[in-house]
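Peer 1: Provided herewith: my_file_1.txt, compact mmCIF, C-alpha atoms.
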# COMPACT_ATOMS: atom_id res chain seq x y z
CA LYS A 98 -1.17 19.51 -2.04
CA ASN A 99 -4.41 17.52 -1.95
CA GLU A 100 -5.32 15.57 -5.03
CA VAL A 101 -8.80 17.08 -4.81
CA GLU A 102 -9.11 20.76 -3.97
CA GLN A 103 -12.28 22.66 -3.31
CA SER A 104 -12.94 26.38 -3.21
CA PRO A 105 -14.07 28.32 -1.41
CA GLN A 106 -13.69 26.62 1.95
CA ASN A 107 -16.38 28.79 3.50
CA LEU A 108 -19.14 30.72 1.80
CA THR A 109 -21.87 32.93 3.18
CA ALA A 110 -24.61 34.06 0.83
CA GLN A 111 -27.86 35.92 1.02
CA GLU A 112 -31.05 34.06 0.20
CA GLY A 113 -31.70 34.10 -3.53
CA GLU A 114 -28.08 34.42 -4.59
CA PHE A 115 -26.48 32.21 -7.24
CA ILE A 116 -23.76 30.08 -5.71
CA THR A 117 -20.81 28.33 -7.29
CA ILE A 118 -18.54 25.81 -5.60
CA ASN A 119 -15.46 24.64 -7.44
CA CYS A 120 -13.57 21.37 -7.38
CA SER A 121 -10.23 20.73 -9.07
CA TYR A 122 -8.43 17.43 -9.14
CA SER A 123 -5.00 16.31 -10.21
CA VAL A 124 -5.58 12.59 -10.82
CA GLY A 125 -7.26 10.77 -13.65
CA ILE A 126 -10.80 9.95 -12.67
CA SER A 127 -13.60 7.73 -13.83
CA ALA A 128 -16.27 9.89 -12.16
CA LEU A 129 -16.78 12.73 -9.75
CA HIS A 130 -19.39 12.73 -7.02
CA TRP A 131 -20.96 15.77 -5.36
CA LEU A 132 -22.20 15.17 -1.83
CA GLN A 133 -24.12 17.28 0.66
CA GLN A 134 -23.53 16.87 4.39
CA HIS A 135 -26.11 18.41 6.67
CA PRO A 136 -25.31 19.73 10.16
CA GLY A 137 -26.56 16.47 11.67
CA GLY A 138 -23.87 14.63 9.72
CA GLY A 139 -25.85 12.58 7.22
CA ILE A 140 -24.56 12.64 3.67
CA VAL A 141 -26.78 12.90 0.62
CA SER A 142 -25.63 12.08 -2.86
CA LEU A 143 -26.33 14.99 -5.22
CA PHE A 144 -24.69 14.08 -8.51
CA MET A 145 -22.30 11.65 -10.07
CA LEU A 146 -20.64 12.96 -13.21
CA SER A 147 -18.23 11.60 -15.73
CA SER A 148 -18.82 14.22 -18.41
CA GLY A 149 -20.91 17.24 -19.29
CA LYS A 150 -23.61 18.63 -17.10
CA LYS A 151 -26.42 17.44 -14.85
CA LYS A 152 -29.34 19.34 -13.37
CA HIS A 153 -31.70 18.53 -10.57
CA GLY A 154 -34.07 21.20 -9.37
CA ARG A 155 -32.01 24.25 -8.39
CA LEU A 156 -28.76 22.35 -8.51
CA ILE A 157 -26.51 22.11 -11.54
CA ALA A 158 -23.21 20.24 -11.75
CA THR A 159 -20.70 20.49 -14.57
CA ILE A 160 -17.44 18.77 -15.25
CA ASN A 161 -14.60 19.48 -17.68
CA ILE A 162 -12.48 16.37 -17.96
CA GLN A 163 -9.71 18.06 -19.95
CA GLU A 164 -9.32 20.83 -17.39
CA LYS A 165 -9.88 18.45 -14.44
CA HIS A 166 -12.45 20.75 -12.96
CA SER A 167 -16.02 20.49 -11.77
CA SER A 168 -18.46 23.05 -10.46
CA LEU A 169 -21.62 22.82 -8.42
CA HIS A 170 -24.09 25.66 -8.86
CA ILE A 171 -27.08 26.48 -6.70
CA THR A 172 -29.64 28.84 -8.19
CA ALA A 173 -32.01 30.91 -6.01
CA SER A 174 -30.25 29.77 -2.83
CA HIS A 175 -32.27 29.17 0.29
CA PRO A 176 -31.33 28.84 3.97
CA ARG A 177 -32.12 25.12 3.79
CA ASP A 178 -29.21 24.81 1.33
CA SER A 179 -26.86 25.53 4.24
CA ALA A 180 -24.61 22.51 4.51
CA VAL A 181 -21.14 21.26 3.71
CA TYR A 182 -20.70 20.35 0.06
CA ILE A 183 -18.07 17.77 -0.73
CA CYS A 184 -16.66 16.67 -4.03
CA ALA A 185 -15.33 13.15 -4.17
CA ALA A 186 -13.28 11.80 -7.03
CA HIS A 187 -13.22 8.22 -8.20
CA PRO A 188 -9.65 7.75 -9.40
CA LEU A 189 -8.95 5.57 -12.39
CA THR A 190 -7.77 2.35 -10.89
CA THR A 191 -7.29 -1.24 -11.88
CA SER A 192 -7.73 -2.49 -8.35
CA GLY A 193 -11.50 -2.21 -8.42
CA THR A 194 -11.69 -0.90 -4.91
CA TYR A 195 -13.54 2.28 -5.90
CA LYS A 196 -12.11 4.36 -3.09
CA TYR A 197 -13.08 8.00 -3.12
CA ILE A 198 -10.62 10.86 -2.84
CA PHE A 199 -12.48 13.57 -0.95
CA GLY A 200 -12.15 17.29 -1.22
CA THR A 201 -11.97 19.24 2.02
CA GLY A 202 -15.52 20.47 1.69
CA THR A 203 -17.17 23.85 1.27
CA ARG A 204 -19.16 25.10 4.23
CA LEU A 205 -22.12 27.06 2.86
CA LYS A 206 -24.34 29.28 4.95
CA VAL A 207 -27.31 30.96 3.32
CA LEU A 208 -28.81 33.81 5.29
CA ALA A 209 -32.50 34.65 5.17
CA GLY B 81 -31.15 7.13 -4.90
CA ALA B 82 -30.50 3.96 -2.95
CA VAL B 83 -30.96 3.94 0.81
CA VAL B 84 -28.36 3.05 3.41
CA SER B 85 -29.53 2.91 6.99
CA GLN B 86 -27.04 3.32 9.81
CA HIS B 87 -27.87 2.64 13.44
CA PRO B 88 -27.60 4.02 16.06
CA SER B 89 -27.38 7.69 15.15
CA ARG B 90 -25.96 8.57 18.55
CA VAL B 91 -24.42 6.46 21.27
CA ILE B 92 -22.76 7.26 24.56
CA CYS B 93 -20.76 4.51 26.21
CA LYS B 94 -18.44 4.08 29.13
CA SER B 95 -14.73 3.77 28.65
CA GLY B 96 -13.70 0.14 28.26
CA THR B 97 -16.95 -1.09 26.78
CA SER B 98 -17.59 -2.09 23.17
CA VAL B 99 -20.02 -0.48 20.77
CA LYS B 100 -21.51 -1.96 17.61
CA ILE B 101 -22.65 0.19 14.71
CA GLU B 102 -24.81 -1.30 11.97
CA CYS B 103 -24.97 -0.30 8.34
CA ARG B 104 -27.73 -1.75 6.16
CA SER B 105 -28.49 -1.34 2.49
CA LEU B 106 -32.28 -1.32 2.19
CA ASP B 107 -32.94 -1.63 -1.53
CA PHE B 108 -29.78 -2.91 -3.14
CA GLN B 109 -27.04 -5.45 -2.59
CA ALA B 110 -24.05 -3.89 -0.92
CA THR B 111 -21.18 -5.94 -2.25
CA THR B 112 -18.72 -3.38 -0.90
CA MET B 113 -19.03 -1.25 2.19
CA PHE B 114 -16.76 1.52 3.37
CA TRP B 115 -16.35 2.74 6.93
CA TYR B 116 -15.22 6.30 7.57
CA ARG B 117 -14.35 8.41 10.56
CA GLN B 118 -14.81 12.15 10.59
CA PHE B 119 -13.33 14.62 13.04
CA PRO B 120 -15.02 18.00 13.53
CA LYS B 121 -14.77 20.23 10.48
CA GLN B 122 -12.57 17.73 8.69
CA SER B 123 -13.14 15.53 5.69
CA LEU B 124 -14.03 11.87 5.78
CA MET B 125 -11.17 9.52 6.60
CA LEU B 126 -11.47 6.02 5.20
CA MET B 127 -10.93 3.40 7.87
CA ALA B 128 -11.59 0.18 6.00
CA THR B 129 -13.21 -1.40 2.98
CA SER B 130 -15.15 -4.62 3.26
CA ASN B 131 -16.42 -6.94 0.58
CA GLU B 132 -19.25 -9.30 1.42
CA GLY B 133 -17.95 -12.57 2.76
CA SER B 134 -14.33 -11.40 2.93
CA LYS B 135 -12.13 -9.91 5.59
CA ALA B 136 -12.02 -6.15 5.65
CA THR B 137 -9.07 -4.26 4.25
CA TYR B 138 -7.91 -1.65 6.73
CA GLU B 139 -6.21 1.62 5.89
CA GLN B 140 -2.76 2.29 7.22
CA GLY B 141 -2.82 3.32 10.85
CA VAL B 142 -6.24 1.84 11.63
CA GLU B 143 -6.10 -0.90 14.24
CA LYS B 144 -8.01 -3.92 13.01
CA ASP B 145 -8.33 -5.37 16.52
CA LYS B 146 -9.76 -2.10 17.75
CA PHE B 147 -12.24 -1.59 14.94
CA LEU B 148 -13.80 -4.93 14.06
CA ILE B 149 -15.68 -5.02 10.79
CA ASN B 150 -18.03 -7.77 9.76
CA HIS B 151 -19.71 -7.93 6.37
CA ALA B 152 -21.44 -11.28 6.52
CA SER B 153 -24.37 -10.53 4.24
CA LEU B 154 -25.10 -8.47 1.14
CA THR B 155 -27.19 -6.03 3.14
CA LEU B 156 -25.42 -5.67 6.47
CA SER B 157 -22.04 -4.61 7.71
CA THR B 158 -21.12 -3.87 11.30
CA LEU B 159 -18.34 -1.88 12.90
CA THR B 160 -17.52 -2.74 16.50
CA VAL B 161 -15.36 -0.35 18.46
CA THR B 162 -13.78 -2.55 21.10
CA SER B 163 -12.63 -1.37 24.50
CA ALA B 164 -13.62 2.15 23.61
CA HIS B 165 -11.67 5.10 24.99
CA PRO B 166 -12.49 8.80 24.95
CA GLU B 167 -10.15 9.32 21.98
CA ASP B 168 -12.42 7.02 19.96
CA SER B 169 -15.19 9.61 20.27
CA SER B 170 -15.97 10.68 16.75
CA PHE B 171 -18.47 10.60 13.92
CA TYR B 172 -18.51 7.28 12.08
CA ILE B 173 -20.22 6.91 8.73
CA CYS B 174 -20.62 4.02 6.33
CA SER B 175 -21.21 3.90 2.63
CA ALA B 176 -22.19 1.04 0.38
CA ARG B 177 -22.07 0.22 -3.30
CA ASP B 178 -23.30 -2.55 -5.48
CA TRP B 179 -20.99 -4.56 -7.72
CA GLY B 180 -20.42 -2.91 -11.06
CA HIS B 181 -21.59 0.51 -9.87
CA THR B 182 -19.24 3.37 -9.19
CA GLU B 183 -21.57 5.37 -7.00
CA ALA B 184 -21.68 4.68 -3.29
CA PHE B 185 -24.49 5.72 -0.96
CA PHE B 186 -23.98 6.94 2.55
CA GLY B 187 -25.59 6.18 5.87
CA GLN B 188 -26.72 8.87 8.27
CA GLY B 189 -23.68 8.46 10.49
CA THR B 190 -23.19 7.59 14.15
CA ARG B 191 -21.91 10.05 16.71
CA LEU B 192 -20.00 8.08 19.31
CA THR B 193 -19.15 9.63 22.66
CA VAL B 194 -17.02 7.65 25.08
CA VAL B 195 -17.12 8.91 28.66
Now, as a test, write the supplied structure out as structure tokens.

Peer 2:
Amino acid sequence: KNEVEQSPQNLTAQEGEFITINCSYSVGISALHWLQQHPGGGIVSLFMLSSGKKKHGRLIATINIQEKHSSLHITASHPRDSAVYICAAHPLTTSGTYKYIFGTGTRLKVLA
Amino acid sequence: GAVVSQHPSRVICKSGTSVKIECRSLDFQATTMFWYRQFPKQSLMLMATSNEGSKATYEQGVEKDKFLINHASLTLSTLTVTSAHPEDSSFYICSARDWGHTEAFFGQGTRLTVV
């Protein structure tokens, strides 16, 4: 079992729908990072969370440290939101290497 | 967010030749850089971590003589794939972080095809 699990793996939505992507982790973390990877491969940082909730435009990310769970929400989805969304956990570590543990990604396709 | 520039975005090379990929932090000091490899529809696989001025730390199973990493300055790290073979064809992506910051920023990636 992966230390960071994402669901769903694949998601197809109609334009305008509200989308939720979930991320659960089994290790202690210092922060969780939501990333967006476009079809060309480049990765964009969306949010870094250690507690609570963050919002940027149509994107909202929440994290519940006690439940070891984070969600990424997209409101009023648009075809340009089509991408792979990856959650990456920063495990608590004394080594200072700051290595990510990546989820397997959620492939989102938004249809016009 | 901070900008990491990776070059080239695509490269095709002949089997047996070497290819260098550059990763630059444009507006911050990249004290640590990470190099990843990604196979189609799979997650990122960490190859190595490099701290400026130090030798890179390679993950288990990654050949250090095959994938040479240099991090000689606070803004530039390079990955050289030596004596490339078709099985080295993949998507390579770097990320960089500044000392004291948890968040790392990613380059655009390089799609390497060895023919």

Peer 1: Taking (-14.1, 8.2, -3.1) in the file's coordinates as the center, which residues reach within 9 Å of it, counting all atoms listed in the file, put as a VMD selection string?

Peer 2: (chain A and resid 129 to 130 184 to 188 195 to 199) or (chain B and resid 126 183 to 184)

Peer 1: Every residue with an atom at most 7 Å from (-18.0, -4.6, 8.8) (file coordinates; all atoms listed in the file) is what I'm after, so could you write them as a PyMOL selection string?

Peer 2: chain B and resi 130+136+148-151+157-159

Peer 1: Nearest to chain A: which of B:Pro166, B:Gly96, B:Gly133, B:Pro120 is it, counting only C-alpha atoms?

Peer 2: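 Once distances to chain A are computed over only C-alpha atoms, the minimum belongs to B:Pro120.
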
Peer 1: Smallest atom-to-atom distance to chain A: which of B:Ile92, B:Ile101, B:Met127, B:Leu156, using only C-alpha atoms?

Peer 2: B:Met127

Peer 1: Once you count only C-alpha atoms, which residues of chain A turn out to be within 8 Å of chain B? Could you give them as number ranges by chain?

Peer 2: A: 128, 130, 138-142, 145, 187, 195, 199-202

Peer 1: Calculate how many Å separate atom CA of Leu205 of chain A from atom CA of His166 of chain A, rounding to one decimal.

Peer 2: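 According to the coordinates, atom CA of Leu205 of chain A and atom CA of His166 of chain A are separated by 19.6 Å.
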